[in-house]
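What's in data.cif: mmCIF, C-alpha atoms
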data_input
loop_
_atom_site.label_atom_id
_atom_site.label_comp_id
_atom_site.auth_asym_id
_atom_site.auth_seq_id
_atom_site.Cartn_x
_atom_site.Cartn_y
_atom_site.Cartn_z
CA MET A 777 -32.99 21.96 -91.75
CA HIS A 778 -35.51 24.76 -91.69
CA ARG A 779 -35.90 27.11 -88.82
CA GLU A 780 -39.38 25.90 -87.85
CA ILE A 781 -37.86 22.56 -86.91
CA ARG A 782 -34.38 23.62 -85.92
CA ASP A 783 -35.60 25.97 -83.22
CA HIS A 784 -37.58 23.19 -81.57
CA ILE A 785 -35.47 20.18 -82.45
CA GLU A 786 -35.08 18.97 -78.85
CA ASP A 787 -38.87 18.98 -78.40
CA VAL A 788 -39.34 17.26 -81.77
CA LEU A 789 -36.83 14.55 -80.89
CA ARG A 790 -38.32 14.05 -77.46
CA GLY A 791 -41.44 13.03 -79.30
CA GLY A 792 -43.82 14.81 -77.00
CA ASP A 793 -46.21 17.59 -77.86
CA THR A 794 -44.54 19.66 -80.47
CA LEU A 795 -45.74 23.05 -81.57
CA LYS A 796 -48.29 23.12 -84.35
CA PRO A 797 -46.09 25.04 -86.84
CA ALA A 798 -43.35 22.43 -86.40
CA ARG A 799 -45.77 19.57 -86.96
CA GLU A 800 -47.21 21.21 -90.04
CA HIS A 801 -43.78 21.90 -91.45
CA LEU A 802 -42.66 18.33 -90.94
CA ALA A 803 -45.76 17.08 -92.72
CA GLN A 804 -44.89 18.97 -95.87
CA CYS A 805 -41.05 19.18 -95.90
CA ASP A 806 -39.31 15.99 -96.99
CA GLU A 807 -35.87 17.42 -96.32
CA CYS A 808 -36.58 18.23 -92.68
CA ARG A 809 -38.47 15.00 -92.18
CA THR A 810 -35.52 12.95 -93.44
CA GLU A 811 -33.07 14.80 -91.24
CA VAL A 812 -35.26 14.55 -88.15
CA GLN A 813 -35.69 10.85 -88.80
CA GLY A 814 -31.91 10.41 -88.98
CA MET A 815 -31.48 12.31 -85.72
CA GLN A 816 -34.18 10.24 -84.04
CA GLU A 817 -32.46 7.01 -85.08
CA GLN A 818 -29.15 8.25 -83.75
CA THR A 819 -30.76 9.36 -80.51
CA GLU A 820 -32.14 5.86 -80.04
CA LEU A 821 -28.68 4.43 -80.62
CA ILE A 822 -27.11 6.83 -78.14
CA ARG A 823 -29.67 5.79 -75.54
CA GLU A 824 -28.38 2.24 -75.93
CA LEU A 825 -25.32 3.43 -74.02
CA ARG A 826 -27.45 3.76 -70.91
CA ALA A 827 -26.57 1.24 -68.21
CA PRO A 828 -29.43 -1.17 -67.60
CA GLN A 829 -31.89 0.05 -64.97
CA ASP A 830 -31.27 -2.93 -62.74
CA PHE A 831 -27.52 -2.60 -63.08
CA ALA A 832 -25.69 -3.03 -59.80
CA PRO A 833 -22.14 -1.69 -59.79
CA ASP A 834 -20.84 -4.67 -57.77
CA LEU A 835 -17.68 -2.87 -56.84
CA ARG A 836 -15.35 -4.97 -54.79
CA PRO A 837 -14.84 -3.79 -51.20
CA ASN A 838 -12.07 -1.28 -50.51
CA PHE A 839 -12.39 0.46 -53.84
CA TYR A 840 -11.12 3.67 -52.25
CA ALA A 841 -8.00 1.89 -50.98
CA ARG A 842 -7.26 0.64 -54.48
CA VAL A 843 -7.73 4.12 -55.88
CA MET A 844 -5.22 5.46 -53.35
CA GLU A 845 -2.78 2.68 -54.23
CA ARG A 846 -3.00 3.69 -57.85
CA ILE A 847 -2.51 7.34 -56.98
CA GLU A 848 0.58 6.49 -54.95
CA ALA A 849 1.89 4.28 -57.75
CA GLU A 850 1.43 6.98 -60.35
CA GLY A 851 2.67 9.77 -58.10
CA PRO A 852 3.16 13.36 -59.15
CA ILE A 853 4.73 13.84 -62.55
CA SER A 854 8.38 14.81 -62.26
CA ILE A 855 11.24 15.27 -64.69
CA TRP A 856 12.71 11.94 -63.48
CA ASN A 857 9.56 10.13 -64.59
CA LEU A 858 10.51 11.02 -68.17
CA PHE A 859 13.73 9.01 -67.81
CA ILE A 860 12.22 6.16 -65.87
CA GLU A 861 8.93 5.73 -67.72
CA SER A 862 9.74 6.37 -71.37
CA ALA A 863 11.74 3.90 -73.43
CA PHE A 864 13.74 6.73 -75.01
CA GLY A 865 14.57 8.15 -71.59
CA ARG A 866 15.72 4.76 -70.35
CA ARG A 867 17.98 4.36 -73.38
CA ILE A 868 19.52 7.75 -72.75
CA ALA A 869 20.11 6.86 -69.08
CA VAL A 870 21.77 3.53 -70.02
CA ALA A 871 23.92 5.20 -72.69
CA SER A 872 25.01 7.86 -70.20
CA LEU A 873 25.98 5.26 -67.64
CA ALA A 874 27.92 3.27 -70.25
CA LEU A 875 29.75 6.41 -71.37
CA ALA A 876 30.62 7.33 -67.79
CA LEU A 877 31.94 3.81 -67.21
CA LEU A 878 34.12 3.95 -70.34
CA ILE A 879 35.56 7.32 -69.36
CA GLY A 880 36.28 6.00 -65.86
CA ILE A 881 38.08 2.94 -67.21
CA TYR A 882 40.14 5.09 -69.58
CA VAL A 883 41.18 7.49 -66.83
CA VAL A 884 42.16 4.72 -64.42
CA THR A 885 44.15 2.71 -66.99
CA SER A 886 45.99 5.74 -68.36
CA GLU A 887 47.03 6.82 -64.86
CA ARG A 888 48.28 3.33 -64.11
CA SER A 889 50.36 3.14 -67.27
CA ALA A 890 51.93 6.49 -66.46
CA GLU A 891 52.77 5.33 -62.96
CA ASP A 892 54.23 2.08 -64.28
CA ALA A 893 56.39 3.93 -66.75
CA ALA A 894 57.70 6.20 -64.06
CA THR A 895 58.45 3.28 -61.81
CA VAL A 896 60.34 1.50 -64.57
CA ALA A 897 62.37 4.60 -65.19
CA LEU A 898 63.25 5.07 -61.55
CA GLN A 899 64.15 1.45 -60.96
CA SER A 900 66.53 1.35 -63.94
CA PRO A 901 69.20 4.06 -63.36
CA GLN A 902 71.44 2.34 -65.90
CA LEU A 903 69.10 3.31 -68.73
CA SER A 904 70.37 5.95 -71.00
CA THR A 905 69.05 9.48 -70.71
CA GLU A 906 67.06 9.16 -73.91
CA GLN A 907 65.32 5.93 -72.81
CA THR A 908 64.33 7.42 -69.49
CA ILE A 909 62.82 10.44 -71.15
CA VAL A 910 60.93 8.37 -73.71
CA ALA A 911 59.52 6.04 -71.06
CA GLY A 912 58.43 8.86 -68.78
CA GLU A 913 57.39 11.45 -71.32
CA ASP A 914 53.66 11.24 -70.47
CA ALA A 915 54.15 11.64 -66.75
CA PRO A 916 54.50 15.08 -65.22
CA ALA A 917 57.72 15.92 -63.45
CA ARG A 918 56.00 16.34 -60.11
CA GLU A 919 54.50 12.86 -60.32
CA ILE A 920 57.86 11.32 -60.93
CA THR A 921 59.23 13.15 -57.96
CA ARG A 922 56.47 11.82 -55.72
CA VAL A 923 57.05 8.22 -56.79
CA ASP A 924 60.73 8.75 -56.39
CA GLU A 925 60.39 9.83 -52.74
CA SER A 926 58.64 6.65 -51.76
CA GLN A 927 60.59 4.08 -53.72
CA THR A 928 64.14 5.20 -54.38
CA ASP A 929 67.02 6.70 -52.57
CA GLU A 930 68.29 10.24 -52.95
CA SER A 931 70.89 9.43 -55.53
CA SER A 932 68.43 7.94 -57.99
CA GLN A 933 66.13 10.97 -57.47
CA ASP A 934 69.01 13.22 -58.42
CA ALA A 935 69.63 11.12 -61.50
CA VAL A 936 66.05 11.43 -62.68
CA LEU A 937 65.96 15.16 -62.07
CA ALA A 938 69.18 15.52 -63.98
CA ASN A 939 67.68 13.59 -66.87
CA LEU A 940 64.65 15.82 -66.98
CA VAL A 941 66.70 18.96 -66.86
CA THR A 942 68.81 17.67 -69.68
CA TYR A 943 65.69 16.88 -71.68
CA ARG A 944 64.25 20.36 -71.21
CA GLU A 945 67.49 22.01 -72.25
CA GLN A 946 67.59 19.97 -75.44
CA MET B 718 -29.14 23.12 -95.64
CA ASP B 719 -25.86 23.47 -93.77
CA ALA B 720 -25.50 27.00 -94.96
CA LEU B 721 -28.88 27.80 -93.48
CA THR B 722 -27.92 26.49 -90.10
CA ILE B 723 -24.78 28.53 -90.09
CA THR B 724 -26.23 31.85 -91.15
CA LEU B 725 -29.53 31.88 -89.31
CA PRO B 726 -29.64 32.79 -85.62
CA PHE B 727 -30.49 29.92 -83.34
CA PRO B 728 -32.79 29.38 -81.57
CA ALA B 729 -35.82 31.68 -81.72
CA ALA B 730 -35.52 34.62 -79.37
CA GLY B 731 -39.01 34.35 -77.99
CA GLU B 732 -38.48 31.07 -76.22
CA GLY B 733 -39.40 31.14 -72.58
CA THR B 734 -36.60 28.96 -71.27
CA ARG B 735 -33.78 31.30 -72.14
CA ALA B 736 -31.07 31.37 -69.49
CA ARG B 737 -33.55 30.84 -66.74
CA THR B 738 -31.36 29.33 -64.09
CA ARG B 739 -27.76 29.82 -63.23
CA VAL B 740 -26.38 27.59 -60.55
CA ASP B 741 -23.55 29.05 -58.56
CA HIS B 742 -21.09 26.20 -58.31
CA LYS B 743 -18.68 28.23 -56.20
CA THR B 744 -20.75 28.47 -53.07
CA SER B 745 -22.46 25.11 -52.85
CA GLU B 746 -21.73 22.38 -50.32
CA GLU B 747 -20.07 20.52 -53.16
CA ALA B 748 -17.73 23.47 -53.79
CA ALA B 749 -16.59 23.33 -50.16
CA LEU B 750 -15.87 19.64 -50.60
CA VAL B 751 -13.90 20.31 -53.79
CA ARG B 752 -11.85 23.00 -52.04
CA ARG B 753 -10.95 20.51 -49.33
CA VAL B 754 -9.85 18.01 -51.97
CA GLN B 755 -7.82 20.74 -53.65
CA ALA B 756 -6.12 21.28 -50.29
CA ARG B 757 -5.29 17.53 -50.35
CA ASP B 758 -7.71 16.59 -47.59
CA GLU B 759 -7.86 12.80 -47.92
CA MET B 760 -11.15 12.49 -46.06
CA ALA B 761 -12.75 14.86 -48.54
CA PHE B 762 -11.35 12.90 -51.46
CA ARG B 763 -12.67 9.71 -49.92
CA GLU B 764 -16.10 11.34 -49.74
CA VAL B 765 -15.92 12.26 -53.42
CA VAL B 766 -14.94 8.70 -54.35
CA GLU B 767 -17.69 7.15 -52.27
CA ARG B 768 -20.27 9.63 -53.52
CA TYR B 769 -19.58 9.07 -57.21
CA GLN B 770 -18.06 5.59 -57.53
CA SER B 771 -21.33 3.84 -58.40
CA LYS B 772 -22.23 6.52 -60.91
CA VAL B 773 -18.81 6.36 -62.57
CA PHE B 774 -18.94 2.59 -62.69
CA SER B 775 -22.38 2.56 -64.33
CA ILE B 776 -21.33 5.19 -66.90
CA ILE B 777 -18.34 3.04 -67.84
CA PHE B 778 -20.38 -0.13 -67.98
CA GLY B 779 -23.04 1.62 -70.08
CA ILE B 780 -20.46 2.59 -72.66
CA LEU B 781 -18.24 -0.48 -72.68
CA ARG B 782 -20.44 -3.30 -71.38
CA ASN B 783 -17.35 -4.87 -69.96
CA ARG B 784 -17.24 -5.49 -66.24
CA ASN B 785 -13.71 -6.86 -66.37
CA ASP B 786 -12.14 -3.50 -67.14
CA ALA B 787 -14.78 -1.21 -65.66
CA GLU B 788 -13.26 -1.12 -62.21
CA ASP B 789 -9.80 -0.53 -63.58
CA ILE B 790 -11.08 2.40 -65.61
CA ALA B 791 -13.05 3.69 -62.60
CA GLN B 792 -9.84 3.69 -60.55
CA GLN B 793 -8.11 5.58 -63.32
CA VAL B 794 -10.94 8.12 -63.40
CA PHE B 795 -10.57 8.88 -59.69
CA ALA B 796 -6.78 9.04 -59.98
CA LYS B 797 -7.28 11.63 -62.72
CA VAL B 798 -9.75 13.47 -60.50
CA TYR B 799 -7.20 13.52 -57.69
CA PHE B 800 -4.37 14.85 -59.86
CA SER B 801 -6.48 17.32 -61.87
CA ILE B 802 -8.81 18.70 -59.25
CA LYS B 803 -6.59 21.72 -58.74
CA ASN B 804 -7.66 22.74 -62.26
CA PHE B 805 -11.36 22.45 -61.47
CA ASP B 806 -12.71 25.97 -61.95
CA PHE B 807 -16.25 25.65 -60.53
CA ARG B 808 -17.87 26.64 -63.82
CA SER B 809 -19.68 23.30 -63.94
CA SER B 810 -20.85 20.87 -61.32
CA LEU B 811 -18.40 18.31 -60.02
CA LEU B 812 -20.50 15.50 -61.50
CA THR B 813 -20.39 17.08 -64.96
CA TRP B 814 -16.63 17.36 -64.68
CA ILE B 815 -16.24 13.77 -63.47
CA TYR B 816 -18.63 12.61 -66.19
CA LYS B 817 -16.42 14.18 -68.85
CA ILE B 818 -13.29 12.55 -67.40
CA THR B 819 -15.09 9.21 -67.29
CA VAL B 820 -16.22 9.36 -70.92
CA ASN B 821 -12.72 10.40 -71.99
CA GLU B 822 -11.20 7.50 -70.08
CA CYS B 823 -13.59 5.12 -71.83
CA TYR B 824 -12.50 6.50 -75.19
CA ASP B 825 -8.84 6.25 -74.17
CA TYR B 826 -9.47 2.63 -73.28
CA LEU B 827 -11.07 1.97 -76.66
CA ARG B 828 -8.25 3.74 -78.45
CA LYS B 829 -5.53 1.90 -76.56
CA LYS B 830 -7.02 -1.47 -77.25
CA ARG B 831 -7.54 -0.48 -80.88
CA VAL B 832 -11.05 -1.70 -80.62
CA ARG B 833 -12.78 -1.57 -83.95
CA LYS B 834 -15.83 -3.24 -82.58
CA LEU B 835 -17.15 -2.32 -79.17
CA VAL B 836 -17.14 -5.81 -77.77
CA TYR B 837 -15.18 -8.48 -79.48
CA GLU B 838 -14.91 -12.11 -78.72
CA SER B 839 -12.10 -12.02 -76.18
CA ASP B 840 -13.86 -9.45 -73.99
CA PHE B 841 -17.42 -10.57 -74.31
CA SER B 842 -18.00 -13.69 -72.29
CA GLN B 843 -21.07 -15.87 -72.45
CA GLU B 844 -21.97 -14.64 -68.99
CA ASP B 845 -21.83 -11.01 -70.18
CA ALA B 846 -24.05 -11.87 -73.12
CA GLN B 847 -26.63 -13.52 -70.90
CA ARG B 848 -26.56 -10.65 -68.43
CA MET B 849 -26.96 -8.15 -71.22
CA GLU B 850 -29.89 -10.03 -72.70
CA ALA B 851 -31.56 -10.41 -69.33
CA SER B 852 -30.99 -6.88 -68.09
CA GLU B 853 -32.43 -4.93 -70.99
CA PRO B 854 -36.10 -5.67 -71.22
CA ALA B 855 -36.75 -2.30 -72.83
CA VAL B 856 -34.68 -3.23 -75.85
CA ASP B 857 -36.42 -4.80 -78.78
CA ALA B 858 -35.75 -8.52 -78.29
CA SER B 859 -36.33 -9.18 -81.97
CA VAL B 860 -33.06 -7.41 -82.78
CA PRO B 861 -30.23 -9.95 -82.61
CA ALA B 862 -27.52 -9.32 -80.04
CA ASP B 863 -24.78 -9.06 -82.65
CA THR B 864 -26.78 -6.41 -84.52
CA ARG B 865 -27.15 -4.42 -81.32
CA LEU B 866 -23.44 -4.74 -80.68
CA ALA B 867 -22.73 -3.54 -84.20
CA GLN B 868 -25.05 -0.57 -83.61
CA ARG B 869 -23.28 0.27 -80.36
CA ASP B 870 -19.98 0.01 -82.14
CA LEU B 871 -21.25 2.38 -84.80
CA ILE B 872 -22.54 5.01 -82.39
CA LEU B 873 -19.31 4.91 -80.36
CA LYS B 874 -17.37 5.43 -83.56
CA LEU B 875 -19.58 8.34 -84.52
CA LEU B 876 -19.25 9.88 -81.08
CA SER B 877 -15.49 9.74 -81.46
CA LYS B 878 -15.85 12.17 -84.37
CA VAL B 879 -17.12 15.04 -82.21
CA SER B 880 -15.31 17.04 -79.56
CA GLU B 881 -15.08 15.92 -75.93
CA GLU B 882 -17.45 18.67 -74.87
CA GLU B 883 -20.03 17.80 -77.51
CA ARG B 884 -19.75 14.11 -76.67
CA SER B 885 -20.29 14.69 -72.96
CA LEU B 886 -23.19 17.03 -73.59
CA ILE B 887 -25.13 14.69 -75.85
CA LEU B 888 -24.48 11.76 -73.53
CA LEU B 889 -25.68 13.75 -70.53
CA LYS B 890 -28.78 14.63 -72.50
CA GLU B 891 -29.66 11.27 -74.01
CA VAL B 892 -28.01 8.72 -71.75
CA GLU B 893 -28.42 10.42 -68.40
CA GLY B 894 -31.72 11.96 -69.42
CA HIS B 895 -31.05 15.54 -68.33
CA SER B 896 -33.19 18.30 -69.76
CA VAL B 897 -31.73 21.33 -71.53
CA GLU B 898 -32.49 23.39 -68.44
CA GLU B 899 -30.70 20.95 -66.18
CA LEU B 900 -27.73 20.86 -68.53
CA ALA B 901 -27.54 24.64 -68.39
CA GLY B 902 -27.42 24.47 -64.61
CA MET B 903 -24.82 21.71 -64.63
CA THR B 904 -22.48 23.25 -67.18
CA GLY B 905 -22.83 26.93 -66.39
CA LEU B 906 -23.82 27.65 -69.99
CA ASN B 907 -27.11 29.25 -70.93
CA GLU B 908 -29.91 27.19 -72.40
CA ASN B 909 -29.64 28.64 -75.88
CA THR B 910 -25.97 27.75 -76.01
CA ILE B 911 -26.81 24.23 -74.91
CA LYS B 912 -29.42 23.92 -77.66
CA VAL B 913 -27.03 25.21 -80.30
CA LYS B 914 -24.30 22.84 -79.17
CA LEU B 915 -26.67 19.87 -79.12
CA PHE B 916 -28.01 20.68 -82.56
CA ARG B 917 -24.54 21.05 -84.06
CA THR B 918 -23.47 17.80 -82.45
CA ARG B 919 -26.46 16.00 -83.92
CA GLN B 920 -25.67 17.42 -87.35
CA LYS B 921 -22.02 16.36 -87.06
CA LEU B 922 -23.10 12.86 -86.10
CA LEU B 923 -25.40 12.68 -89.11
CA ARG B 924 -22.66 13.86 -91.44
CA ALA B 925 -20.19 11.39 -89.91
CA ALA B 926 -22.71 8.58 -90.37
CA GLY B 927 -23.16 9.62 -94.00
CA ARG B 928 -19.40 9.54 -94.60
CA LEU B 929 -19.10 6.17 -92.90
CA THR B 930 -21.91 4.73 -95.00
CA ARG B 931 -20.32 6.01 -98.19
CA THR B 932 -16.92 4.48 -97.36
CA ARG B 933 -18.41 1.07 -96.50
#

Written form, structure tokens:
Amino acid sequence: MHREIRDHIEDVLRGGDTLKPAREHLAQCDECRTEVQGMQEQTELIRELRAPQDFAPDLRPNFYARVMERIEAEGPISIWNLFIESAFGRRIAVASLALALLIGIYVVTSERSAEDAATVALQSPQLSTEQTIVAGEDAPAREITRVDESQTDESSQDAVLANLVTYREQ
Amino acid sequence: MDALTITLPFPAAGEGTRARTRVDHKTSEEAALVRRVQARDEMAFREVVERYQSKVFSIIFGILRNRNDAEDIAQQVFAKVYFSIKNFDFRSSLLTWIYKITVNECYDYLRKKRVRKLVYESDFSQEDAQRMEASEPAVDASVPADTRLAQRDLILKLLSKVSEEERSLILLKEVEGHSVEELAGMTGLNENTIKVKLFRTRQKLLRAAGRLTRTR
């Protein structure tokens, strides 16, 4: 588009009184005339986006209250929203919980089996030294001692301690 | 032709409207209201909502012609205003800022619904059609409604090809009917800048229309 038109394009598109040089240029320049025509058509289309003059918003009462409800529902953005709102975040949270549960189950069951083994060892003084050591090999010496205090008499405690000492020396 | 528009200065220096008015958006009554909202004064926010709710609603309806979702989008606009007002820098008027948010929300809505046509069957009830026909006496009645809808679809598509700023500016000019001088006051830009931006936007729209026509 030539400068004679470009400099006054808003006036030209408004369709009012345009300057004489612009009018004269448009009369003789096909290129500018075509482009101005295209812009005028588009301007008309854009004006179609105007709400009708008699348009009444018809907002339901308490619009402000509903806006505030939405604001409260959305709340400020925090790092926790990432986990709660996004599907990926939720999956990570679920996977973490499942992993924590599995670890918990493993810890509890392994402690129980150790305790059971120790109890078996303490309640069976007739077992050979080797059997006692094999059954109680996962349990620490202190743990065995604690169980021993509550469930057996002094003589069986001595027997277990003797077994352990023998094991260590071997 | 494009090369000419890029290399030549724009517009002519002798024009009398150059940077005539600068509105100070930091000291107006509106600025005081905005500062109260920034300080999380709920009464001030309520005032903003009540002052602009009708305007926002009519902007949305003008673009989408869909009353069903207009209120929902209007709520979203004010929620955005509430959360983003701390970033409002007083360079433009509050209305200009809200207008931009509103237009963006409309485009988000269109994008989310993957709307290829502006109004498609499920959203455009018979009642809407009748209301639209009855409420636009200025529109050429000889143009069928579906042609007008197709034209609206086209212009919305074209407007999606320009930046948010350019889109808001041309809509404020042509839809809201503001003059270049008023736009300068509203945006804090000088009039020449407004003219350059409008002209470039119009050229982009023409080019986009040309590309669209070629691909059809």

(request) Specify as a PyMOL selection string each residue included when the PyMOL selection byres ((chain A and resi 825) around 7) is applied to this file. (result) (chain A and resi 822-824+826-827) or (chain B and resi 779-780+892)

(message) Between atom CA of B:Ile887 and atom CA of B:Lys912, what distance in Å does the model show, to one decimal?
(response) 10.3 Å

(request) For each of B:Val773, B:Val766, B:Val798, B:Leu812, take the minimum atom-to-atom distance to B:Ala748, counting only C-alpha atoms, then give the residue where this is smallest. (result) B:Leu812

(message) Select, as a VMD selection string, those residues of chain A with any atom no more than 10 Å from chain B (distances computed using all atoms listed in the file).
(response) chain A and resid 777 to 780 782 to 786 790 807 to 808 811 to 812 814 to 836 839 to 848 850 to 853

Take every atom of stretch 917-932 of chain B listed in the file, fit an axis-aligned box around them, add 4 Å per side, and give the centre and edge lengths in Å to one decimal as lines of an AutoDock Vina configuration file.
center_x = -21.7
center_y = 12.8
center_z = -90.3
size_x = 17.5
size_y = 24.6
size_z = 23.7

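For the pair atom CA of B:Ile818 and atom CA of B:Leu889, the separation is 12.8 Å.
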